[in-house]
file query.pdb (PDB, C-alpha atoms and all ligand atoms)
ATOM      1  CA  MET W1418       0.000   0.000   0.000
ATOM      2  CA  ALA W1419       1.357   3.430  -0.953
ATOM      3  CA  GLU W1420       1.941   6.254   1.469
ATOM      4  CA  ILE W1421       0.233   9.531   0.587
ATOM      5  CA  ALA W1422       1.708  13.029   0.828
ATOM      6  CA  PRO W1423      -0.900  15.655  -0.109
ATOM      7  CA  SER W1424       0.755  18.855  -1.297
ATOM      8  CA  ILE W1425      -0.258  21.890   0.736
ATOM      9  CA  LEU W1426       0.524  23.989  -2.373
ATOM     10  CA  ALA W1427      -3.018  23.221  -3.556
ATOM     11  CA  ALA W1428      -4.662  24.151  -0.234
ATOM     12  CA  ASP W1429      -6.625  27.333   0.423
ATOM     13  CA  PHE W1430      -4.001  29.599   2.002
ATOM     14  CA  ALA W1431      -6.713  31.755   3.554
ATOM     15  CA  ASN W1432      -7.855  28.632   5.421
ATOM     16  CA  ILE W1433      -4.562  26.879   5.994
ATOM     17  CA  GLN W1434      -5.432  25.684   9.522
ATOM     18  CA  ARG W1435      -8.716  24.160   8.288
ATOM     19  CA  ASP W1436      -6.921  22.344   5.452
ATOM     20  CA  VAL W1437      -4.123  21.060   7.702
ATOM     21  CA  GLU W1438      -6.737  19.757  10.162
ATOM     22  CA  MET W1439      -8.480  17.980   7.280
ATOM     23  CA  LEU W1440      -5.155  16.288   6.458
ATOM     24  CA  ASN W1441      -4.686  15.408  10.150
ATOM     25  CA  ALA W1442      -8.034  13.608  10.065
ATOM     26  CA  SER W1443      -7.243  11.854   6.779
ATOM     27  CA  GLN W1444      -5.219   8.761   5.928
ATOM     28  CA  ALA W1445      -2.370  10.933   4.643
ATOM     29  CA  ASP W1446       1.048   9.850   5.883
ATOM     30  CA  TYR W1447       2.853  13.157   5.368
ATOM     31  CA  ILE W1448       2.138  16.757   4.456
ATOM     32  CA  HIS W1449       4.158  17.715   1.389
ATOM     33  CA  VAL W1450       5.452  21.303   1.524
ATOM     34  CA  ASP W1451       6.625  22.803  -1.795
ATOM     35  CA  ILE W1452       9.135  25.640  -1.474
ATOM     36  CA  MET W1453       9.776  27.558  -4.729
ATOM     37  CA  ASP W1454      12.160  30.488  -5.078
ATOM     38  CA  GLY W1455      11.409  31.979  -8.499
ATOM     39  CA  MET W1456      14.977  31.088  -9.547
ATOM     40  CA  PHE W1457      15.398  27.319  -9.633
ATOM     41  CA  VAL W1458      11.773  27.192 -10.785
ATOM     42  CA  PRO W1459       9.822  30.018 -12.432
ATOM     43  CA  ASN W1460       7.264  30.299  -9.653
ATOM     44  CA  ILE W1461       7.404  31.550  -6.034
ATOM     45  CA  SER W1462       5.227  29.574  -3.614
ATOM     46  CA  PHE W1463       5.858  30.468   0.047
ATOM     47  CA  GLY W1464       8.654  30.302   2.566
ATOM     48  CA  LEU W1465       9.511  29.740   6.203
ATOM     49  CA  PRO W1466       6.538  31.491   7.895
ATOM     50  CA  VAL W1467       4.010  29.357   6.015
ATOM     51  CA  CYS W1468       6.004  26.197   6.740
ATOM     52  CA  GLU W1469       5.986  27.141  10.446
ATOM     53  CA  ALA W1470       2.234  27.812  10.328
ATOM     54  CA  VAL W1471       1.571  24.392   8.770
ATOM     55  CA  TYR W1472       3.837  22.734  11.338
ATOM     56  CA  LYS W1473       2.011  24.451  14.201
ATOM     57  CA  HIS W1474      -1.223  22.614  13.321
ATOM     58  CA  ALA W1475       0.149  19.450  11.667
ATOM     59  CA  LYS W1476      -0.096  16.012  13.235
ATOM     60  CA  LYS W1477       1.698  14.413  10.256
ATOM     61  CA  PRO W1478       5.398  14.761   9.426
ATOM     62  CA  LEU W1479       6.315  17.567   7.025
ATOM     63  CA  ASP W1480       7.932  16.345   3.808
ATOM     64  CA  VAL W1481       9.649  19.530   2.595
ATOM     65  CA  HIS W1482      10.601  19.744  -1.091
ATOM     66  CA  LEU W1483      13.092  22.552  -1.717
ATOM     67  CA  MET W1484      12.817  23.758  -5.313
ATOM     68  CA  ILE W1485      15.413  26.428  -4.667
ATOM     69  CA  GLU W1486      18.939  27.332  -5.730
ATOM     70  CA  GLN W1487      21.743  26.774  -3.200
ATOM     71  CA  PRO W1488      19.470  24.947  -0.745
ATOM     72  CA  ASP W1489      22.304  24.596   1.801
ATOM     73  CA  ARG W1490      21.606  28.201   2.847
ATOM     74  CA  TYR W1491      18.167  27.235   4.199
ATOM     75  CA  LEU W1492      18.453  23.634   5.469
ATOM     76  CA  GLU W1493      18.771  24.569   9.120
ATOM     77  CA  ALA W1494      15.952  27.121   8.931
ATOM     78  CA  PHE W1495      13.519  24.647   7.360
ATOM     79  CA  LYS W1496      14.455  21.990   9.899
ATOM     80  CA  LYS W1497      13.620  24.520  12.642
ATOM     81  CA  ALA W1498      10.395  25.365  10.791
ATOM     82  CA  GLY W1499       9.264  21.753  11.222
ATOM     83  CA  ALA W1500      10.691  19.688   8.359
ATOM     84  CA  ALA W1501      10.932  15.960   9.149
ATOM     85  CA  GLY W1502      12.352  15.278   5.693
ATOM     86  CA  LEU W1503      14.316  17.686   3.507
ATOM     87  CA  THR W1504      14.525  16.991  -0.214
ATOM     88  CA  VAL W1505      16.916  18.942  -2.427
ATOM     89  CA  HIS W1506      17.266  18.863  -6.197
ATOM     90  CA  TYR W1507      20.205  17.066  -7.789
ATOM     91  CA  GLU W1508      20.234  19.878 -10.382
ATOM     92  CA  ALA W1509      20.691  22.535  -7.654
ATOM     93  CA  CYS W1510      23.489  20.814  -5.694
ATOM     94  CA  PRO W1511      27.050  20.754  -7.076
ATOM     95  CA  HIS W1512      28.190  19.187  -3.775
ATOM     96  CA  LEU W1513      25.275  16.849  -3.262
ATOM     97  CA  HIS W1514      27.108  14.478  -0.908
ATOM     98  CA  ARG W1515      27.950  17.354   1.432
ATOM     99  CA  THR W1516      24.372  18.634   1.298
ATOM    100  CA  ILE W1517      22.972  15.186   2.142
ATOM    101  CA  GLN W1518      25.392  14.848   5.081
ATOM    102  CA  HIS W1519      24.326  18.286   6.308
ATOM    103  CA  ILE W1520      20.641  17.240   6.256
ATOM    104  CA  LYS W1521      21.509  14.107   8.261
ATOM    105  CA  GLU W1522      23.497  16.138  10.807
ATOM    106  CA  LEU W1523      20.441  18.352  11.306
ATOM    107  CA  GLY W1524      18.413  15.259  12.201
ATOM    108  CA  ALA W1525      16.153  15.293   9.141
ATOM    109  CA  LEU W1526      15.592  12.532   6.598
ATOM    110  CA  PRO W1527      17.593  13.342   3.453
ATOM    111  CA  GLY W1528      15.952  13.221   0.048
ATOM    112  CA  VAL W1529      17.059  13.994  -3.492
ATOM    113  CA  ALA W1530      14.755  15.027  -6.334
ATOM    114  CA  LEU W1531      15.189  14.672 -10.098
ATOM    115  CA  ASN W1532      13.659  16.847 -12.797
ATOM    116  CA  PRO W1533      11.913  14.991 -15.631
ATOM    117  CA  HIS W1534      14.899  15.229 -18.011
ATOM    118  CA  THR W1535      17.500  14.007 -15.494
ATOM    119  CA  PRO W1536      18.304  10.278 -15.712
ATOM    120  CA  VAL W1537      18.235   8.205 -12.522
ATOM    121  CA  GLU W1538      21.764   6.926 -13.229
ATOM    122  CA  VAL W1539      23.294  10.269 -12.097
ATOM    123  CA  LEU W1540      22.402   9.260  -8.518
ATOM    124  CA  SER W1541      24.332   5.986  -8.565
ATOM    125  CA  GLU W1542      26.977   7.162  -6.055
ATOM    126  CA  ILE W1543      24.518   8.718  -3.587
ATOM    127  CA  LEU W1544      21.648   6.209  -3.496
ATOM    128  CA  GLY W1545      23.088   4.504  -0.414
ATOM    129  CA  ASP W1546      23.048   7.792   1.512
ATOM    130  CA  VAL W1547      19.485   9.001   0.977
ATOM    131  CA  SER W1548      16.163   8.082   2.590
ATOM    132  CA  LEU W1549      14.093   9.271  -0.345
ATOM    133  CA  VAL W1550      14.332   9.750  -4.110
ATOM    134  CA  LEU W1551      11.671  12.086  -5.486
ATOM    135  CA  ILE W1552      10.920  11.633  -9.182
ATOM    136  CA  MET W1553       9.254  14.709 -10.657
ATOM    137  CA  SER W1554       6.512  13.660 -13.069
ATOM    138  CA  VAL W1555       5.960  17.270 -14.182
ATOM    139  CA  ASN W1556       8.444  20.094 -14.658
ATOM    140  CA  PRO W1557       8.626  21.600 -11.166
ATOM    141  CA  GLY W1558       7.130  24.994 -10.452
ATOM    142  CA  PHE W1559       3.370  24.647 -10.710
ATOM    143  CA  GLY W1560       0.592  22.430  -9.447
ATOM    144  CA  GLY W1561      -2.114  21.111 -11.739
ATOM    145  CA  GLN W1562       0.116  20.047 -14.648
ATOM    146  CA  LYS W1563      -0.206  16.975 -16.863
ATOM    147  CA  PHE W1564       1.628  13.823 -15.797
ATOM    148  CA  ILE W1565       4.647  12.961 -18.017
ATOM    149  CA  GLN W1566       4.315   9.372 -19.289
ATOM    150  CA  ASN W1567       8.087   8.716 -19.376
ATOM    151  CA  THR W1568       7.958   8.673 -15.558
ATOM    152  CA  TYR W1569       6.892   4.996 -15.499
ATOM    153  CA  GLN W1570      10.055   3.704 -17.127
ATOM    154  CA  LYS W1571      12.188   6.033 -14.997
ATOM    155  CA  ILE W1572      10.675   4.580 -11.837
ATOM    156  CA  ALA W1573      11.176   1.056 -13.129
ATOM    157  CA  LYS W1574      14.895   1.838 -13.674
ATOM    158  CA  LEU W1575      15.223   3.284 -10.177
ATOM    159  CA  GLN W1576      13.428   0.314  -8.635
ATOM    160  CA  ALA W1577      15.789  -2.046 -10.506
ATOM    161  CA  LEU W1578      18.814  -0.218  -9.037
ATOM    162  CA  LYS W1579      17.236  -0.343  -5.587
ATOM    163  CA  GLU W1580      16.720  -4.097  -5.804
ATOM    164  CA  LYS W1581      20.112  -4.799  -7.374
ATOM    165  CA  PHE W1582      22.049  -3.079  -4.584
ATOM    166  CA  GLY W1583      19.613  -3.617  -1.709
ATOM    167  CA  TYR W1584      19.042   0.099  -1.038
ATOM    168  CA  THR W1585      16.393   1.143   1.461
ATOM    169  CA  PHE W1586      15.364   4.610   0.166
ATOM    170  CA  LYS W1587      11.714   5.260  -0.605
ATOM    171  CA  ILE W1588      10.604   6.285  -4.089
ATOM    172  CA  GLU W1589       8.280   9.275  -4.213
ATOM    173  CA  VAL W1590       6.543  10.627  -7.307
ATOM    174  CA  ASP W1591       5.264  14.185  -7.603
ATOM    175  CA  GLY W1592       3.178  15.917 -10.246
ATOM    176  CA  GLY W1593      -0.099  15.128 -11.965
ATOM    177  CA  VAL W1594      -0.767  12.115  -9.732
ATOM    178  CA  ASN W1595      -4.356  10.850  -9.815
ATOM    179  CA  LEU W1596      -6.339   7.628  -9.570
ATOM    180  CA  ASP W1597      -5.651   6.794 -13.243
ATOM    181  CA  ASN W1598      -1.862   6.716 -12.925
ATOM    182  CA  ALA W1599      -1.416   5.804  -9.236
ATOM    183  CA  PRO W1600      -1.948   2.011  -9.598
ATOM    184  CA  LEU W1601       0.746   1.662 -12.277
ATOM    185  CA  LEU W1602       3.122   3.950 -10.364
ATOM    186  CA  VAL W1603       2.771   1.754  -7.278
ATOM    187  CA  LYS W1604       3.246  -1.365  -9.420
ATOM    188  CA  GLU W1605       6.524   0.063 -10.792
ATOM    189  CA  GLY W1606       7.830   0.630  -7.242
ATOM    190  CA  VAL W1607       6.560   3.993  -5.958
ATOM    191  CA  ASN W1608       6.246   4.106  -2.139
ATOM    192  CA  ILE W1609       4.944   7.671  -1.701
ATOM    193  CA  LEU W1610       2.424   9.450  -3.932
ATOM    194  CA  VAL W1611       2.386  13.266  -3.761
ATOM    195  CA  ALA W1612      -0.930  14.731  -4.883
ATOM    196  CA  GLY W1613      -1.964  18.360  -4.780
ATOM    197  CA  SER W1614      -4.772  19.486  -7.042
ATOM    198  CA  PHE W1615      -6.271  15.998  -7.326
ATOM    199  CA  VAL W1616      -6.838  15.963  -3.549
ATOM    200  CA  PHE W1617      -7.758  19.581  -2.865
ATOM    201  CA  SER W1618     -10.003  20.107  -5.893
ATOM    202  CA  SER W1619     -11.963  16.920  -5.274
ATOM    203  CA  ASP W1620     -15.443  17.021  -3.722
ATOM    204  CA  ASN W1621     -14.320  14.762  -0.896
ATOM    205  CA  PRO W1622     -10.571  15.089  -0.147
ATOM    206  CA  LEU W1623     -10.738  12.544   2.699
ATOM    207  CA  LYS W1624     -12.123   9.902   0.361
ATOM    208  CA  THR W1625      -9.711  10.867  -2.422
ATOM    209  CA  ILE W1626      -6.753  10.372  -0.058
ATOM    210  CA  ALA W1627      -8.170   7.011   1.074
ATOM    211  CA  ASP W1628      -8.709   5.940  -2.547
ATOM    212  CA  LEU W1629      -5.158   6.912  -3.519
ATOM    213  CA  LYS W1630      -3.813   4.938  -0.579
ATOM    214  CA  THR W1631      -5.419   1.715  -1.749
ATOM    215  CA  SER W1632      -4.680   2.325  -5.449
TER     216      SER W1632
HETATM  217  O1  LIG F1701       6.166  20.008  -6.753
HETATM  218  C1  LIG F1701       5.141  20.386  -7.227
HETATM  219  C2  LIG F1701       5.144  21.331  -8.350
HETATM  220  O2  LIG F1701       6.450  21.636  -8.673
HETATM  221  C3  LIG F1701       3.823  19.894  -6.687
HETATM  222  O3  LIG F1701       4.023  19.143  -5.505
HETATM  223  C4  LIG F1701       3.148  19.027  -7.677
HETATM  224  O4  LIG F1701       2.960  19.674  -8.873
HETATM  225  C5  LIG F1701       1.836  18.490  -7.103
HETATM  226  O5  LIG F1701       0.803  19.174  -7.590
HETATM  227  P1  LIG F1701      -0.264  18.472  -8.516
HETATM  228  O6  LIG F1701      -0.647  17.199  -7.829
HETATM  229  O7  LIG F1701      -1.338  19.498  -8.551
HETATM  230  O8  LIG F1701       0.394  18.210  -9.849
END
call {"tool": "encode", "arguments": {"input": "query.pdb", "output": "structure tokens", "more": "lines below"}}
Ligand SMILES: O=C(CO)[C@H](O)[C@H](O)COP(=O)(O)O
result
Amino acid sequence: MAEIAPSILAADFANIQRDVEMLNASQADYIHVDIMDGMFVPNISFGLPVCEAVYKHAKKPLDVHLMIEQPDRYLEAFKKAGAAGLTVHYEACPHLHRTIQHIKELGALPGVALNPHTPVEVLSEILGDVSLVLIMSVNPGFGGQKFIQNTYQKIAKLQALKEKFGYTFKIEVDGGVNLDNAPLLVKEGVNILVAGSFVFSSDNPLKTIADLKTS
């Protein structure tokens, strides 16, 4: 059964406490927090104060996805703002090993994310050091985009590497996730499904989260 990480990016920011409490009452396993800086990605989402506000009400661990340049500058601050897991982008980290060690030293679970065009093989020397690999199934920056079909074979390749070397990291997929693609994603090896608009724009988010979990 997959774990579910609804993305707070798709919540109603004027009612953030209400939406976090809905997630607390749901079968969600994490709350996914998307940080965008307008540089690494073209959009700006929100920063530390919103992360702190979510953390204040959250009863689920915060899975923080840093879509920012030079993420090392903000690791400690996001850990203090409530991050249980900190995921950085391979494409934003010239010294990825150092960055991953820094996240571990802070006491957070280290994750690495890949943009759609980046092959999984670039992670071969770091896979033993991370708790999570996040495969972007849309180009990062915006919620509500169309799922990229090539993601399936990318996940299959990552799962094959995981099995071959006995790694323990979880595979997370993010972008355009819905009930049509979730079953095949889980079959290919995905452990955590991130879903934003599909959850928050549904008539019954609690049921949508439950349905995704059993997909
Ligand atoms: O990282 C993200 C965008 O960069 C979002 O988490 C992702 O797009 C989820 O939103 P949706 O489910 O609406 O596609």
call {"tool": "closest_residue", "arguments": {"input": "query.pdb", "among": "W:Val1539, W:Ala1498, W:Val1529, W:Leu1483", "to": "ligand LIG 1701 (chain F)", "atoms": "all atoms listed in the file"}}
result
W:Leu1483
call {"tool": "residues_near_ligand", "arguments": {"input": "query.pdb", "ligand": "ligand LIG 1701 (chain F)", "cutoff": "9 Å", "atoms": "all atoms listed in the file", "output": "MDAnalysis selection string"}}
result
chainID W and resid 1423:1427 1449:1453 1458 1460 1482:1484 1553:1564 1591:1595 1611:1617
call {"tool": "resolve_selection", "arguments": {"input": "query.pdb", "expression": "the PyMOL selection byres (((chain W and resi 1577) around 12) and not hetatm)", "output": "PyMOL selection string"}}
result
chain W and resi 1537-1538+1541+1570-1576+1578-1584+1588+1605-1607
call {"tool": "write_last_selection", "arguments": {"input": "query.pdb", "atoms": "C-alpha atoms", "output": "CSV table (one decimal), in the coordinates of the input"}}
result
chain,number,residue,atom,x,y,z
W,1537,VAL,CA,18.2,8.2,-12.5
W,1538,GLU,CA,21.8,6.9,-13.2
W,1541,SER,CA,24.3,6.0,-8.6
W,1570,GLN,CA,10.1,3.7,-17.1
W,1571,LYS,CA,12.2,6.0,-15.0
W,1572,ILE,CA,10.7,4.6,-11.8
W,1573,ALA,CA,11.2,1.1,-13.1
W,1574,LYS,CA,14.9,1.8,-13.7
W,1575,LEU,CA,15.2,3.3,-10.2
W,1576,GLN,CA,13.4,0.3,-8.6
W,1578,LEU,CA,18.8,-0.2,-9.0
W,1579,LYS,CA,17.2,-0.3,-5.6
W,1580,GLU,CA,16.7,-4.1,-5.8
W,1581,LYS,CA,20.1,-4.8,-7.4
W,1582,PHE,CA,22.0,-3.1,-4.6
W,1583,GLY,CA,19.6,-3.6,-1.7
W,1584,TYR,CA,19.0,0.1,-1.0
W,1588,ILE,CA,10.6,6.3,-4.1
W,1605,GLU,CA,6.5,0.1,-10.8
W,1606,GLY,CA,7.8,0.6,-7.2
W,1607,VAL,CA,6.6,4.0,-6.0
call {"tool": "resolve_selection", "arguments": {"input": "query.pdb", "expression": "the PyMOL selection byres (((chain W and resi 1478) around 6) and not hetatm)", "output": "list in words"}}
result
Tyr1447, Lys1477, Leu1479 and Ala1501 of chain W
call {"tool": "resolve_selection", "arguments": {"input": "query.pdb", "expression": "the PyMOL selection byres (((chain W and resi 1433) around 12) and not hetatm)", "output": "list in words"}}
result
Ile1425, Leu1426, Ala1427, Ala1428, Asp1429, Phe1430, Ala1431, Asn1432, Gln1434, Arg1435, Asp1436, Val1437, Glu1438, Met1439, Leu1440, Val1467, Cys1468, Glu1469, Ala1470, Val1471, Tyr1472, Lys1473, His1474, Ala1475 and Phe1617 of chain W
call {"tool": "axis_aligned_box", "arguments": {"input": "query.pdb", "around": "segment 1421-1436 of chain W", "padding_each_side": "3 Å", "output": "JSON"}}
result
{"center_x": -3.5, "center_y": 20.6, "center_z": 3.0, "size_x": 16.4, "size_y": 28.2, "size_z": 19.1}
call {"tool": "closest_residue", "arguments": {"input": "query.pdb", "among": "W:Asn1532, W:Ser1618, W:Leu1629, W:His1512", "to": "Asn1598 of chain W", "atoms": "all atoms listed in the file"}}
result
W:Leu1629
call {"tool": "closest_residue", "arguments": {"input": "query.pdb", "among": "W:Ser1462, W:Gly1499, W:Ala1525, W:Met1456", "to": "Gln1487 of chain W", "atoms": "only C-alpha atoms"}}
result
W:Met1456
call {"tool": "atom_distance", "arguments": {"input": "query.pdb", "atom1": "atom CA of Gln1566 of chain W", "atom2": "atom CA of Ile1609 of chain W"}}
result
17.7 Å
call {"tool": "atom_distance", "arguments": {"input": "query.pdb", "atom1": "atom CA of Val1481 of chain W", "atom2": "atom CA of Pro1622 of chain W"}}
result
20.9 Å
call {"tool": "atom_distance", "arguments": {"input": "query.pdb", "atom1": "atom CA of Ile1517 of chain W", "atom2": "atom CA of Asp1489 of chain W"}}
result
9.4 Å
call {"tool": "closest_residue", "arguments": {"input": "query.pdb", "among": "W:Thr1504, W:Asn1441, W:Cys1510, W:Asp1454", "to": "Lys1476 of chain W", "atoms": "only C-alpha atoms"}}
result
W:Asn1441
call {"tool": "decode", "arguments": {"input": "query.pdb", "residues": "segment 1539-1550 of chain W", "atoms": "N, CA and C atoms", "output": "PDB file, in the first residue's frame"}}
result
ATOM      1  N   VAL W1539      22.393   9.246 -12.683  1.00  0.00           N
ATOM      2  CA  VAL W1539      23.294  10.269 -12.097  1.00  0.00           C
ATOM      3  C   VAL W1539      23.373  10.128 -10.574  1.00  0.00           C
ATOM      4  N   LEU W1540      22.433   9.401  -9.988  1.00  0.00           N
ATOM      5  CA  LEU W1540      22.402   9.260  -8.518  1.00  0.00           C
ATOM      6  C   LEU W1540      23.150   8.024  -8.029  1.00  0.00           C
ATOM      7  N   SER W1541      23.805   7.302  -8.951  1.00  0.00           N
ATOM      8  CA  SER W1541      24.332   5.986  -8.565  1.00  0.00           C
ATOM      9  C   SER W1541      25.244   6.038  -7.335  1.00  0.00           C
ATOM     10  N   GLU W1542      26.023   7.109  -7.173  1.00  0.00           N
ATOM     11  CA  GLU W1542      26.977   7.162  -6.055  1.00  0.00           C
ATOM     12  C   GLU W1542      26.381   7.726  -4.767  1.00  0.00           C
ATOM     13  N   ILE W1543      25.118   8.102  -4.782  1.00  0.00           N
ATOM     14  CA  ILE W1543      24.518   8.718  -3.587  1.00  0.00           C
ATOM     15  C   ILE W1543      23.308   7.920  -3.078  1.00  0.00           C
ATOM     16  N   LEU W1544      22.889   6.925  -3.860  1.00  0.00           N
ATOM     17  CA  LEU W1544      21.648   6.209  -3.496  1.00  0.00           C
ATOM     18  C   LEU W1544      21.736   5.537  -2.128  1.00  0.00           C
ATOM     19  N   GLY W1545      22.927   5.152  -1.722  1.00  0.00           N
ATOM     20  CA  GLY W1545      23.088   4.504  -0.414  1.00  0.00           C
ATOM     21  C   GLY W1545      23.023   5.478   0.755  1.00  0.00           C
ATOM     22  N   ASP W1546      23.018   6.773   0.447  1.00  0.00           N
ATOM     23  CA  ASP W1546      23.048   7.792   1.512  1.00  0.00           C
ATOM     24  C   ASP W1546      21.721   8.492   1.733  1.00  0.00           C
ATOM     25  N   VAL W1547      20.741   8.242   0.877  1.00  0.00           N
ATOM     26  CA  VAL W1547      19.485   9.001   0.977  1.00  0.00           C
ATOM     27  C   VAL W1547      18.343   8.126   1.494  1.00  0.00           C
ATOM     28  N   SER W1548      17.365   8.787   2.110  1.00  0.00           N
ATOM     29  CA  SER W1548      16.163   8.082   2.590  1.00  0.00           C
ATOM     30  C   SER W1548      15.051   8.119   1.555  1.00  0.00           C
ATOM     31  N   LEU W1549      15.186   9.039   0.593  1.00  0.00           N
ATOM     32  CA  LEU W1549      14.093   9.271  -0.345  1.00  0.00           C
ATOM     33  C   LEU W1549      14.650   9.726  -1.693  1.00  0.00           C
ATOM     34  N   VAL W1550      14.080   9.197  -2.772  1.00  0.00           N
ATOM     35  CA  VAL W1550      14.332   9.750  -4.110  1.00  0.00           C
ATOM     36  C   VAL W1550      12.993  10.208  -4.658  1.00  0.00           C
TER      37      VAL W1550
END
